[in-house]
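Data from run-v2.csv: CSV, C-alpha atoms
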chain,number,residue,atom,x,y,z
A,966,MET,CA,22.0,-8.6,-29.7
A,967,SER,CA,24.1,-5.5,-30.0
A,968,GLY,CA,24.1,-1.8,-29.1
A,969,ALA,CA,21.7,-0.8,-26.4
A,970,LEU,CA,20.4,-4.4,-26.1
A,971,SER,CA,23.8,-6.1,-25.7
A,972,TRP,CA,24.5,-8.1,-22.5
A,973,PRO,CA,26.6,-5.5,-20.7
A,974,PHE,CA,23.8,-3.0,-21.1
A,975,LEU,CA,21.1,-5.5,-20.1
A,976,ARG,CA,23.1,-6.0,-16.9
A,977,LEU,CA,23.0,-2.2,-16.3
A,978,TYR,CA,19.2,-2.2,-16.8
A,979,LEU,CA,18.8,-5.1,-14.3
A,980,LEU,CA,20.8,-3.0,-11.8
A,981,VAL,CA,18.4,0.0,-12.4
A,982,LEU,CA,15.4,-2.3,-11.9
A,983,LEU,CA,16.7,-3.5,-8.5
A,984,TYR,CA,17.7,0.0,-7.3
A,985,PHE,CA,14.4,1.6,-8.0
A,986,SER,CA,12.3,-1.3,-6.7
A,987,ALA,CA,12.7,0.1,-3.1
A,988,ASN,CA,11.2,3.4,-4.1
A,989,ALA,CA,8.2,1.8,-5.8
A,990,ILE,CA,7.4,0.3,-2.4
A,991,LEU,CA,8.3,3.3,-0.3
A,992,ASN,CA,6.1,5.6,-2.4
A,993,VAL,CA,3.1,3.8,-1.2
A,994,ILE,CA,4.2,2.8,2.4
A,995,ILE,CA,5.3,6.3,3.5
A,996,PRO,CA,2.1,8.2,2.7
A,997,LEU,CA,-0.1,5.5,4.3
A,998,GLN,CA,2.1,5.3,7.3
A,999,GLY,CA,2.1,9.1,7.6
A,1000,LYS,CA,-1.7,9.3,7.4
A,1001,THR,CA,-2.0,6.6,10.0
A,1002,LEU,CA,0.2,8.6,12.4
A,1003,GLY,CA,-1.9,11.7,11.9
A,1004,ALA,CA,0.5,13.6,9.6
A,1005,SER,CA,-1.0,16.3,7.3
A,1006,ASN,CA,-0.6,16.3,3.6
A,1007,THR,CA,2.0,19.1,4.0
A,1008,ALA,CA,4.1,16.9,6.3
A,1009,ILE,CA,3.8,13.9,4.0
A,1010,GLY,CA,4.7,16.0,1.0
A,1011,LEU,CA,7.8,17.3,2.8
A,1012,ILE,CA,9.0,13.8,3.7
A,1013,MET,CA,8.4,12.5,0.2
A,1014,GLY,CA,9.8,15.6,-1.5
A,1015,ALA,CA,13.0,15.5,0.6
A,1016,TYR,CA,14.2,12.6,-1.4
A,1017,LEU,CA,14.4,14.2,-4.8
A,1018,LEU,CA,15.0,17.7,-3.4
A,1019,THR,CA,18.3,16.3,-2.0
A,1020,THR,CA,18.9,14.6,-5.3
A,1021,MET,CA,18.5,17.9,-7.1
A,1022,PHE,CA,21.2,19.7,-5.1
A,1023,PHE,CA,23.7,16.8,-5.5
A,1024,ARG,CA,23.0,16.0,-9.2
A,1025,PRO,CA,25.1,18.7,-10.9
A,1026,TRP,CA,28.0,17.9,-8.5
A,1027,ALA,CA,27.6,14.3,-9.2
A,1028,GLY,CA,27.9,15.0,-13.0
A,1029,ALA,CA,31.2,16.7,-12.4
A,1030,ILE,CA,32.6,14.1,-10.0
A,1031,ILE,CA,31.6,11.2,-12.4
A,1032,GLN,CA,33.1,13.0,-15.3
A,1033,LYS,CA,36.4,13.2,-13.4
A,1034,HIS,CA,36.6,9.8,-11.7
A,1035,GLY,CA,34.5,7.6,-14.0
A,1036,PRO,CA,31.0,6.1,-13.4
A,1037,ILE,CA,32.1,2.7,-12.1
A,1038,LYS,CA,34.2,4.0,-9.2
A,1039,VAL,CA,31.5,6.3,-8.1
A,1040,LEU,CA,28.8,3.7,-8.5
A,1041,ARG,CA,30.4,1.1,-6.2
A,1042,ILE,CA,30.8,3.7,-3.4
A,1043,ILE,CA,27.3,5.0,-3.7
A,1044,LEU,CA,25.7,1.5,-3.5
A,1045,ILE,CA,27.0,1.3,0.1
A,1046,LEU,CA,25.2,4.5,1.0
A,1047,ASN,CA,22.0,3.2,-0.6
A,1048,GLY,CA,22.2,0.1,1.5
A,1049,VAL,CA,22.5,2.1,4.6
A,1050,ALA,CA,19.5,4.2,3.7
A,1051,LEU,CA,17.3,1.1,3.0
A,1052,LEU,CA,18.3,-0.4,6.3
A,1053,LEU,CA,17.4,2.8,8.1
A,1054,TYR,CA,13.8,2.6,6.9
A,1055,THR,CA,13.5,-0.7,8.8
A,1056,LEU,CA,14.8,0.7,12.1
A,1057,THR,CA,12.9,4.0,12.4
A,1058,SER,CA,9.4,5.5,12.3
A,1059,LEU,CA,8.1,8.5,10.3
A,1060,GLY,CA,10.7,10.9,11.8
A,1061,GLY,CA,13.6,8.7,10.8
A,1062,TYR,CA,12.1,8.3,7.3
A,1063,LEU,CA,13.1,11.9,6.6
A,1064,VAL,CA,16.8,11.2,7.3
A,1065,ALA,CA,16.6,8.0,5.2
A,1066,ARG,CA,15.0,9.9,2.3
A,1067,ILE,CA,17.8,12.5,2.4
A,1068,LEU,CA,20.5,9.7,2.3
A,1069,GLN,CA,18.6,7.9,-0.5
A,1070,GLY,CA,18.5,11.3,-2.4
A,1071,VAL,CA,22.2,11.6,-2.2
A,1072,SER,CA,22.6,8.1,-3.4
A,1073,THR,CA,20.2,8.5,-6.3
A,1074,ALA,CA,21.9,11.6,-7.5
A,1075,PHE,CA,25.1,9.8,-8.1
A,1076,PHE,CA,23.6,6.5,-9.1
A,1077,SER,CA,21.4,7.8,-11.9
A,1078,MET,CA,24.0,10.2,-13.2
A,1079,ALA,CA,26.7,7.4,-13.2
A,1080,LEU,CA,24.5,5.1,-15.3
A,1081,GLN,CA,23.2,7.7,-17.7
A,1082,ILE,CA,26.6,9.2,-18.3
A,1083,GLY,CA,28.0,5.7,-18.7
A,1084,ILE,CA,25.3,4.8,-21.3
A,1085,ILE,CA,25.8,8.0,-23.3
A,1086,ASP,CA,29.5,7.7,-23.3
A,1087,ALA,CA,29.5,4.0,-24.3
A,1088,LEU,CA,26.8,4.0,-27.0
A,1089,PRO,CA,27.2,5.5,-30.5
A,1090,GLU,CA,25.0,8.5,-31.3
A,1091,LYS,CA,22.4,6.5,-33.2
A,1092,ASP,CA,21.7,4.3,-30.2
A,1093,ARG,CA,21.6,7.0,-27.5
A,1094,SER,CA,17.9,7.5,-27.4
A,1095,GLN,CA,17.3,3.8,-27.2
A,1096,GLY,CA,19.8,3.5,-24.3
A,1097,ILE,CA,18.3,6.3,-22.4
A,1098,SER,CA,14.8,5.1,-23.0
A,1099,LEU,CA,15.6,1.6,-21.8
A,1100,TYR,CA,17.3,3.0,-18.7
A,1101,SER,CA,14.2,5.0,-17.9
A,1102,LEU,CA,12.0,2.0,-18.9
A,1103,PHE,CA,13.7,-0.3,-16.3
A,1104,SER,CA,13.5,2.4,-13.7
A,1105,TYR,CA,9.7,2.2,-14.1
A,1106,ILE,CA,9.2,-1.6,-14.3
A,1107,PRO,CA,9.2,-1.8,-10.4
A,1108,GLY,CA,6.2,0.4,-10.5
A,1109,ILE,CA,4.2,-2.4,-12.0
A,1110,ILE,CA,4.3,-4.7,-9.0
A,1111,GLY,CA,5.9,-2.5,-6.3
A,1112,PRO,CA,2.7,-0.7,-5.4
A,1113,LEU,CA,0.7,-3.9,-5.1
A,1114,LEU,CA,3.5,-5.5,-3.1
A,1115,ALA,CA,3.5,-2.4,-0.8
A,1116,LEU,CA,-0.3,-2.6,-0.3
A,1117,GLY,CA,0.1,-6.3,0.5
A,1118,ILE,CA,2.8,-5.6,3.1
A,1119,TRP,CA,0.7,-2.7,4.6
A,1120,GLN,CA,-2.5,-4.7,4.8
A,1121,ALA,CA,-0.7,-7.7,6.3
A,1122,GLY,CA,0.3,-5.5,9.2
A,1123,ASN,CA,3.6,-7.4,9.7
A,1124,ALA,CA,6.6,-5.1,9.9
A,1125,ASN,CA,9.0,-8.0,9.4
A,1126,TYR,CA,7.8,-8.3,5.8
A,1127,PHE,CA,8.9,-4.8,5.1
A,1128,THR,CA,12.2,-5.3,6.8
A,1129,TRP,CA,13.2,-8.4,4.9
A,1130,VAL,CA,12.2,-6.9,1.6
A,1131,MET,CA,14.4,-3.8,2.2
A,1132,ILE,CA,17.3,-5.9,3.3
A,1133,ALA,CA,17.0,-8.2,0.2
A,1134,LEU,CA,16.9,-5.2,-2.1
A,1135,ALA,CA,20.0,-3.7,-0.5
A,1136,ILE,CA,22.0,-6.9,-0.8
A,1137,PHE,CA,21.0,-7.9,-4.4
A,1138,THR,CA,21.5,-4.3,-5.7
A,1139,GLY,CA,25.0,-4.2,-4.2
A,1140,MET,CA,25.9,-7.6,-5.7
A,1141,ILE,CA,24.8,-6.7,-9.2
A,1142,GLY,CA,26.3,-3.2,-9.0
A,1143,TYR,CA,29.8,-4.4,-7.9
A,1144,SER,CA,30.0,-6.8,-10.9
A,1145,THR,CA,28.9,-4.2,-13.5
A,1146,LYS,CA,31.3,-2.8,-16.1
A,1147,ILE,CA,30.9,0.2,-18.4
A,1148,GLU,CA,33.4,0.7,-21.2
A,1149,LYS,CA,33.9,4.2,-22.7
A,1150,ARG,CA,33.9,4.5,-26.5
A,1151,LYS,CA,37.4,4.9,-27.8
A,1152,ASP,CA,36.3,7.8,-30.0
A,1153,GLU,CA,34.8,9.7,-27.0
A,1154,PRO,CA,37.0,12.8,-26.3
A,1155,VAL,CA,38.6,12.9,-22.8
A,1156,PRO,CA,37.6,16.1,-20.9
A,1157,ASP,CA,40.1,18.5,-19.4
A,1158,HIS,CA,39.6,17.9,-15.7
A,1159,THR,CA,41.9,20.8,-14.7
A,1160,GLU,CA,39.1,23.2,-15.8
A,1161,GLN,CA,36.2,21.1,-14.5
A,1162,GLY,CA,35.8,22.9,-11.2
A,1163,ILE,CA,35.6,26.3,-12.9
A,1164,GLN,CA,33.2,25.0,-15.6
A,1165,PHE,CA,30.9,23.5,-12.9
A,1166,PHE,CA,30.2,26.8,-11.2
A,1167,GLN,CA,30.0,28.7,-14.5
A,1168,SER,CA,27.5,26.2,-15.9
A,1169,PHE,CA,24.6,27.4,-13.6
A,1170,ASN,CA,24.3,30.5,-15.9
A,1171,GLN,CA,23.5,28.2,-18.8
A,1172,LEU,CA,20.1,27.4,-17.3
A,1173,VAL,CA,19.0,30.8,-18.4
A,1174,ASN,CA,21.6,31.7,-21.1
A,1175,ASN,CA,21.3,28.6,-23.1
A,1176,PRO,CA,17.9,28.6,-24.9
A,1177,CYS,CA,17.9,24.9,-25.5
A,1178,LEU,CA,18.7,24.0,-21.9
A,1179,PHE,CA,16.2,26.7,-20.6
A,1180,LYS,CA,13.3,25.4,-22.6
A,1181,CYS,CA,13.9,21.8,-21.8
A,1182,SER,CA,14.4,22.6,-18.1
A,1183,VAL,CA,11.1,24.5,-17.8
A,1184,LEU,CA,9.2,21.8,-19.5
A,1185,MET,CA,10.8,19.1,-17.4
A,1186,LEU,CA,10.2,21.1,-14.2
A,1187,ILE,CA,6.5,21.6,-14.7
A,1188,ALA,CA,5.9,18.1,-16.0
A,1189,SER,CA,7.7,16.7,-12.9
A,1190,VAL,CA,5.5,18.8,-10.6
A,1191,VAL,CA,2.5,16.8,-12.0
A,1192,PHE,CA,4.3,13.5,-11.7
A,1193,GLY,CA,5.3,14.3,-8.1
A,1194,ALA,CA,1.8,15.1,-7.1
A,1195,VAL,CA,0.6,11.8,-8.5
A,1196,THR,CA,3.4,9.8,-6.8
A,1197,THR,CA,2.8,11.4,-3.4
A,1198,PHE,CA,-1.0,11.7,-3.1
A,1199,ILE,CA,-2.5,9.0,-5.3
A,1200,PRO,CA,-2.4,6.4,-2.4
A,1201,LEU,CA,-4.4,8.9,-0.3
A,1202,TYR,CA,-6.7,10.2,-3.1
A,1203,ALA,CA,-7.7,6.7,-4.1
A,1204,MET,CA,-9.2,6.2,-0.7
A,1205,GLN,CA,-11.8,8.8,-1.5
A,1206,LEU,CA,-13.0,7.0,-4.6
A,1207,LYS,CA,-15.6,4.3,-4.5
A,1208,ASP,CA,-13.9,1.9,-6.8
A,1209,GLY,CA,-10.4,3.5,-6.9
A,1210,ASN,CA,-7.3,1.5,-6.0
A,1211,ALA,CA,-3.9,3.1,-5.7
A,1212,GLY,CA,-2.1,-0.1,-6.5
A,1213,VAL,CA,-4.0,-0.6,-9.7
A,1214,TYR,CA,-3.5,3.0,-10.7
A,1215,LEU,CA,0.2,3.0,-10.2
A,1216,MET,CA,0.5,-0.4,-11.8
A,1217,LEU,CA,-1.4,0.8,-14.9
A,1218,GLN,CA,0.7,4.0,-15.1
A,1219,ALA,CA,4.0,2.1,-14.7
A,1220,ALA,CA,2.9,-0.6,-17.2
A,1221,THR,CA,2.1,2.0,-19.7
A,1222,VAL,CA,5.5,3.6,-19.3
A,1223,VAL,CA,7.2,0.3,-19.8
A,1224,PHE,CA,5.1,-0.6,-22.8
A,1225,ALA,CA,5.4,2.8,-24.5
A,1226,ARG,CA,9.1,3.2,-23.9
A,1227,PHE,CA,9.9,-0.2,-25.4
A,1228,VAL,CA,7.5,0.0,-28.4
A,1229,LEU,CA,8.2,3.7,-29.1
A,1230,ARG,CA,12.0,3.8,-28.3
A,1231,LYS,CA,12.9,4.1,-32.0
A,1232,LYS,CA,10.3,6.8,-32.6
A,1233,ILE,CA,11.8,9.3,-30.1
A,1234,PRO,CA,13.7,12.0,-32.1
A,1235,SER,CA,17.5,11.4,-32.0
A,1236,ASP,CA,18.8,13.9,-34.5
A,1237,GLY,CA,19.5,17.0,-32.3
A,1238,THR,CA,16.5,19.0,-33.7
A,1239,TRP,CA,13.7,20.4,-31.7
A,1240,HIS,CA,10.4,18.8,-32.8
A,1241,SER,CA,7.7,21.1,-31.5
A,1242,SER,CA,4.7,19.0,-32.5
A,1243,PHE,CA,6.1,15.9,-30.8
A,1244,VAL,CA,6.8,17.7,-27.5
A,1245,MET,CA,3.5,19.6,-27.6
A,1246,GLY,CA,1.7,16.3,-28.1
A,1247,THR,CA,3.4,14.8,-24.9
A,1248,MET,CA,2.3,17.9,-22.9
A,1249,LEU,CA,-1.2,17.5,-24.2
A,1250,LEU,CA,-1.2,13.9,-22.9
A,1251,LEU,CA,0.0,15.2,-19.5
A,1252,THR,CA,-2.8,17.8,-19.4
A,1253,ALA,CA,-5.5,15.2,-20.2
A,1254,ALA,CA,-4.1,12.8,-17.7
A,1255,ALA,CA,-4.2,15.3,-14.8
A,1256,GLN,CA,-7.7,16.4,-15.7
A,1257,CYS,CA,-9.0,12.8,-15.8
A,1258,VAL,CA,-7.5,12.2,-12.3
A,1259,SER,CA,-9.1,15.4,-11.1
A,1260,PHE,CA,-12.5,14.6,-12.5
A,1261,SER,CA,-12.5,11.0,-11.3
A,1262,VAL,CA,-13.9,12.0,-7.8
A,1263,ARG,CA,-17.1,12.7,-9.7
A,1264,GLY,CA,-16.8,10.7,-12.9
A,1265,GLY,CA,-15.7,7.5,-11.2
A,1266,ALA,CA,-12.9,4.9,-11.6
A,1267,ILE,CA,-13.0,5.0,-15.4
A,1268,PHE,CA,-11.6,8.5,-15.4
A,1269,PHE,CA,-9.2,7.5,-12.6
A,1270,TYR,CA,-7.6,4.6,-14.6
A,1271,THR,CA,-7.8,6.4,-17.9
A,1272,GLY,CA,-5.7,9.1,-16.3
A,1273,ALA,CA,-3.2,6.5,-15.2
A,1274,ILE,CA,-2.7,5.3,-18.8
A,1275,LEU,CA,-2.4,8.8,-20.2
A,1276,MET,CA,0.0,9.8,-17.4
A,1277,GLY,CA,2.2,6.8,-18.1
A,1278,ALA,CA,2.3,7.6,-21.8
A,1279,ALA,CA,3.4,11.2,-21.0
A,1280,GLN,CA,6.1,9.9,-18.7
A,1281,ALA,CA,7.3,7.5,-21.3
A,1282,LEU,CA,8.0,10.2,-23.8
A,1283,ILE,CA,8.9,13.5,-22.1
A,1284,TYR,CA,12.1,12.6,-20.2
A,1285,PRO,CA,13.9,10.5,-22.9
A,1286,THR,CA,12.9,13.0,-25.6
A,1287,LEU,CA,14.3,16.1,-23.8
A,1288,THR,CA,17.4,14.2,-22.5
A,1289,THR,CA,18.3,12.9,-26.0
A,1290,TYR,CA,17.9,16.3,-27.5
A,1291,LEU,CA,20.2,17.9,-25.0
A,1292,SER,CA,22.8,15.2,-25.4
A,1293,PHE,CA,23.3,16.6,-29.0
A,1294,VAL,CA,23.0,20.3,-28.5
A,1295,LEU,CA,24.9,20.9,-25.3
A,1296,PRO,CA,28.6,21.7,-25.5
A,1297,GLN,CA,30.8,18.6,-25.1
A,1298,VAL,CA,33.2,20.2,-22.7
A,1299,ASN,CA,30.6,20.5,-19.9
A,1300,ARG,CA,27.8,18.4,-21.2
A,1301,ASN,CA,27.7,16.0,-18.2
A,1302,VAL,CA,27.4,18.9,-15.8
A,1303,LEU,CA,24.7,20.6,-17.8
A,1304,LEU,CA,22.8,17.3,-18.1
A,1305,GLY,CA,23.0,17.1,-14.3
A,1306,LEU,CA,21.4,20.6,-14.0
A,1307,PHE,CA,18.6,19.5,-16.4
A,1308,ILE,CA,17.9,16.3,-14.5
A,1309,ALA,CA,18.0,18.4,-11.3
A,1310,MET,CA,15.1,20.3,-12.6
A,1311,ALA,CA,13.2,17.1,-12.9
A,1312,ASP,CA,14.1,16.3,-9.3
A,1313,LEU,CA,13.0,19.7,-8.2
A,1314,GLY,CA,9.7,19.3,-10.0
A,1315,VAL,CA,8.9,16.0,-8.4
A,1316,SER,CA,9.8,17.4,-5.0
A,1317,LEU,CA,7.6,20.4,-5.5
A,1318,GLY,CA,4.8,18.1,-6.5
A,1319,GLY,CA,4.7,16.9,-2.9
A,1320,ILE,CA,5.9,20.0,-1.0
A,1321,VAL,CA,3.9,22.7,-2.8
A,1322,MET,CA,0.8,20.6,-3.8
A,1323,GLY,CA,0.5,19.2,-0.2
A,1324,PRO,CA,-0.7,22.5,1.2
A,1325,VAL,CA,-3.0,23.0,-1.8
A,1326,ALA,CA,-4.6,19.7,-1.0
A,1327,ASP,CA,-4.9,20.7,2.7
A,1328,MET,CA,-6.5,24.0,1.8
A,1329,TYR,CA,-8.8,22.7,-1.0
A,1330,SER,CA,-9.0,19.1,-2.1
A,1331,TYR,CA,-7.0,16.5,-4.0
A,1332,SER,CA,-9.4,17.0,-7.0
A,1333,THR,CA,-8.7,20.8,-7.1
A,1334,MET,CA,-5.0,20.1,-6.7
A,1335,TYR,CA,-4.9,17.8,-9.8
A,1336,MET,CA,-7.0,20.4,-11.7
A,1337,ILE,CA,-4.2,22.9,-11.1
A,1338,CYS,CA,-1.8,20.3,-12.4
A,1339,ALA,CA,-3.8,20.1,-15.6
A,1340,ILE,CA,-3.6,23.9,-16.0
A,1341,LEU,CA,0.1,23.8,-15.6
A,1342,GLY,CA,0.4,21.1,-18.2
A,1343,LEU,CA,-1.7,23.1,-20.6
A,1344,SER,CA,0.6,26.1,-20.2
A,1345,MET,CA,3.5,23.9,-21.2
A,1346,PHE,CA,1.7,22.8,-24.3
A,1347,PHE,CA,2.0,26.4,-25.6
A,1348,PHE,CA,5.5,26.9,-24.2
A,1349,ALA,CA,6.8,23.8,-26.1
A,1350,TYR,CA,6.1,25.5,-29.5
A,1351,ASP,CA,9.2,27.0,-31.2
A,1352,ARG,CA,8.8,28.2,-34.7
A,1353,GLN,CA,12.6,28.6,-35.1
A,1354,GLN,CA,13.0,24.9,-34.5
A,1355,LEU,CA,16.2,25.1,-32.4
A,1356,SER,CA,18.9,22.5,-33.5
A,1357,ALA,CA,22.4,21.5,-32.7
A,1358,GLY,CA,23.6,23.7,-35.6
So, in terms of structure tokens, how does the structure I just supplied come out?
Amino acid sequence: MSGALSWPFLRLYLLVLLYFSANAILNVIIPLQGKTLGASNTAIGLIMGAYLLTTMFFRPWAGAIIQKHGPIKVLRIILILNGVALLLYTLTSLGGYLVARILQGVSTAFFSMALQIGIIDALPEKDRSQGISLYSLFSYIPGIIGPLLALGIWQAGNANYFTWVMIALAIFTGMIGYSTKIEKRKDEPVPDHTEQGIQFFQSFNQLVNNPCLFKCSVLMLIASVVFGAVTTFIPLYAMQLKDGNAGVYLMLQAATVVFARFVLRKKIPSDGTWHSSFVMGTMLLLTAAAQCVSFSVRGGAIFFYTGAILMGAAQALIYPTLTTYLSFVLPQVNRNVLLGLFIAMADLGVSLGGIVMGPVADMYSYSTMYMICAILGLSMFFFAYDRQQLSAG
């Protein structure tokens, strides 16, 4: 095998799988633990949202630091911080989870940027979309078994199970991470680090001034609000459904992401051109998914699980499509920093899915909250259209 499926890259994908396995478990454990302790949806959303809200603030800085020092050096340092965060989950209760989520957010900002920048720099242009899709694919594989494992740990009522799982993930992630290598392509231009600090602060204006970055960032932000609302509240919403099971829902969603990203990885546009119909189609999937989840409280489990499959399909396509497009159209001199800003919008959206939608669920209901998510998705269906077909040229 060669390119994005060569052994060095398969090792990177294994590292991604191990790293995000902890979150697949925590995404179920934390809301259930919070509800048991009497926390409101607002409080649960704040704790869950703190993770990626922190990641959002550190992501652009991470892009600049990694571009200067290289992904491997940064990766090895950040894996230590990740281990500390995972151990903290085993030593504290709900209050300490907030601190652990913040530490894990810092770690994830650098980890994900290091690997994605490394993949983009190491692969030729024709393989970029495959590399990014496979990275994202392996970050979702833990979601297939993680939720069911989390429910098993929760229902067993034995805290030692949770402790040993977190310790094992911290150790194995560190071992694989420290033995990983990423080689930069020889034809990749070397950035001028003397101007990097200035470029970093000037790049924030590009969120508005660069039409390509602006459009992608808005689409990613709103889509991520929906994804965040699902991640945070599905474990609690499923308890209101007669035949609903959060573990099965999250497993179906993650399995769909994995299947779709592997099967469709070569279908994702990788030519630097804006494909309106393709992006609009993914936003339509997102809208239908949120509406199915909303209606399931009346329509039953069939709508609940259909929503999981549609949501997984939308997740499989939105992120790699927009990231690959931006890797072509953003200026090379500060591409990594701008990609960091874009990914920060995804982090912000997921955080808002918990922080903002939590009070909505408290005031109304989970069903109403997911209906609002569907309306947001529909608005992005129209926003994705661009008759000028923006391109790298």
query: What lies within 12 Å of Lys1207 (chain A) using all atoms listed in the file, ignoring chain neighbours under 4 positions off, as a list in words?
result: Tyr1202, Ala1203, Ala1211, Ser1261, Val1262, Arg1263, Gly1264, Gly1265, Ala1266, Ile1267 and Phe1269 of chain A
Write out the residues from the selection above, keeping C-alpha atoms, as a PDB file, keeping the file's coordinate frame.
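Listing of selection-v8.pdb after writing:
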ATOM      1  CA  TYR A1202      -6.700  10.200  -3.100  1.00  0.00           C
ATOM      2  CA  ALA A1203      -7.700   6.700  -4.100  1.00  0.00           C
ATOM      3  CA  ALA A1211      -3.900   3.100  -5.700  1.00  0.00           C
ATOM      4  CA  SER A1261     -12.500  11.000 -11.300  1.00  0.00           C
ATOM      5  CA  VAL A1262     -13.900  12.000  -7.800  1.00  0.00           C
ATOM      6  CA  ARG A1263     -17.100  12.700  -9.700  1.00  0.00           C
ATOM      7  CA  GLY A1264     -16.800  10.700 -12.900  1.00  0.00           C
ATOM      8  CA  GLY A1265     -15.700   7.500 -11.200  1.00  0.00           C
ATOM      9  CA  ALA A1266     -12.900   4.900 -11.600  1.00  0.00           C
ATOM     10  CA  ILE A1267     -13.000   5.000 -15.400  1.00  0.00           C
ATOM     11  CA  PHE A1269      -9.200   7.500 -12.600  1.00  0.00           C
TER      12      PHE A1269
END
query: Counting only C-alpha atoms, which of A:Gly1342, A:Gly1323, A:Pro1234, A:Gly1314 gets nearest to Gln1095 (chain A)?
result: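 Once distances to Gln1095 (chain A) are computed over only C-alpha atoms, the minimum belongs to A:Pro1234.
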- prompt: In Å to one decimal, how far is CA of Gly999 (chain A) from CA of Leu1059 (chain A)?
  reply: 6.6 Å
- request: To one decimal in Å, tell me the separation between CA of Ala1135 (chain A) and CA of Leu1046 (chain A).
  value: 9.8 Å
- request: Skip Lys1038 (chain A) itself and residues of its chain fewer than 5 positions away, then list as number ranges by chain all residues within 12 Å of it, counting all atoms listed in the file.
  value: A: 1030-1033, 1043-1044, 1075-1076, 1079-1080, 1083, 1142-1147
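Proximity to Thr1286 (chain A) was assessed for A:Leu1229, A:Cys1257, A:Leu1313, A:Val1298 counting all atoms listed in the file; the smallest distance is recorded for A:Leu1229.
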- prompt: In Å to one decimal, how far is CA of Tyr1335 (chain A) from CA of Val1183 (chain A)?
  reply: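 One can read the CA of Val1183 (chain A) to CA of Tyr1335 (chain A) distance as 19.1 Å.
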field: Contacts of Thr1001 (chain A) within 12 Å, all atoms listed in the file, excl. fewer than 4 positions in-chain, as a PyMOL selection string
entry: chain A and resi 994-997+1005-1006+1009+1058-1059+1119+1201
- prompt: Residues at most 10 Å from Val1213 (chain A), counting all atoms listed in the file, excluding those fewer than 5 positions away in the same chain, as a list in words?
  reply: Ile1109, Ile1110, Pro1112, Leu1113, Ala1203, Gln1218, Ala1219, Tyr1270 and Ala1273 of chain A
If you keep C-alpha atoms, can you produce a file of those selected residues as a PDB file, in the coordinates of the input?
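out_27.pdb, freshly written:
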ATOM      1  CA  ILE A1109       4.200  -2.400 -12.000  1.00  0.00           C
ATOM      2  CA  ILE A1110       4.300  -4.700  -9.000  1.00  0.00           C
ATOM      3  CA  PRO A1112       2.700  -0.700  -5.400  1.00  0.00           C
ATOM      4  CA  LEU A1113       0.700  -3.900  -5.100  1.00  0.00           C
ATOM      5  CA  ALA A1203      -7.700   6.700  -4.100  1.00  0.00           C
ATOM      6  CA  GLN A1218       0.700   4.000 -15.100  1.00  0.00           C
ATOM      7  CA  ALA A1219       4.000   2.100 -14.700  1.00  0.00           C
ATOM      8  CA  TYR A1270      -7.600   4.600 -14.600  1.00  0.00           C
ATOM      9  CA  ALA A1273      -3.200   6.500 -15.200  1.00  0.00           C
TER      10      ALA A1273
END
task: Identify, on the basis of all atoms listed in the file, every residue whose closest approach to Phe1022 (chain A) does not exceed 9 Å; exclude the query and any residue fewer than 6 positions from it along the same chain; express the result as a VMD selection string.
output: chain A and resid 1071 1074 1306 1309 1312 to 1313
Go ahead and write the selection's residues with C-alpha atoms as a JSON list (two decimals), in the frame of the given file.
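Writing done, so here's part_15.json:
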[["chain", "number", "residue", "atom", "x", "y", "z"],
["A", 1071, "VAL", "CA", 22.20, 11.60, -2.20],
["A", 1074, "ALA", "CA", 21.90, 11.60, -7.50],
["A", 1306, "LEU", "CA", 21.40, 20.60, -14.00],
["A", 1309, "ALA", "CA", 18.00, 18.40, -11.30],
["A", 1312, "ASP", "CA", 14.10, 16.30, -9.30],
["A", 1313, "LEU", "CA", 13.00, 19.70, -8.20]]
Distance criterion (all atoms listed in the file): nearest to Leu1291 (chain A) out of A:Ile1337, A:Met1245, A:Leu1056, A:Leu1304: A:Leu1304
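For the residues A:Phe1260, A:Phe1243, A:Tyr1331, A:Trp1026, ranking by smallest atom-to-atom distance to Phe1346 (chain A) using only C-alpha atoms places A:Phe1243 first.
Taking all atoms listed in the file into account, Leu1287 (chain A) lies nearest to A:Cys1181 out of the set A:Leu1215, A:Cys1181, A:Met1345, A:Ile1274.
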message: Just checking: using only C-alpha atoms, which residue out of A:Leu1099, A:Met1021, A:Leu1011, A:Val1049 ends up closest to Phe974 (chain A)?
response: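 Checking each candidate against Phe974 (chain A), we get A:Leu1099 as the closest.
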Got a sec to check which residues sit within 10 Å of (17.3, 1.8, 2.0), counting only C-alpha atoms, and write them as a compact mmCIF listing (two decimals) with C-alpha atoms, keeping the file's coordinate frame?
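Below you can see point.txt, which holds the result:
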# COMPACT_ATOMS: atom_id res chain seq x y z
CA TYR A 984 17.70 0.00 -7.30
CA ALA A 987 12.70 0.10 -3.10
CA ASN A 988 11.20 3.40 -4.10
CA LEU A 991 8.30 3.30 -0.30
CA ILE A 1045 27.00 1.30 0.10
CA LEU A 1046 25.20 4.50 1.00
CA ASN A 1047 22.00 3.20 -0.60
CA GLY A 1048 22.20 0.10 1.50
CA VAL A 1049 22.50 2.10 4.60
CA ALA A 1050 19.50 4.20 3.70
CA LEU A 1051 17.30 1.10 3.00
CA LEU A 1052 18.30 -0.40 6.30
CA LEU A 1053 17.40 2.80 8.10
CA TYR A 1054 13.80 2.60 6.90
CA THR A 1055 13.50 -0.70 8.80
CA TYR A 1062 12.10 8.30 7.30
CA ALA A 1065 16.60 8.00 5.20
CA ARG A 1066 15.00 9.90 2.30
CA LEU A 1068 20.50 9.70 2.30
CA GLN A 1069 18.60 7.90 -0.50
CA SER A 1072 22.60 8.10 -3.40
CA THR A 1128 12.20 -5.30 6.80
CA MET A 1131 14.40 -3.80 2.20
CA ILE A 1132 17.30 -5.90 3.30
CA LEU A 1134 16.90 -5.20 -2.10
CA ALA A 1135 20.00 -3.70 -0.50
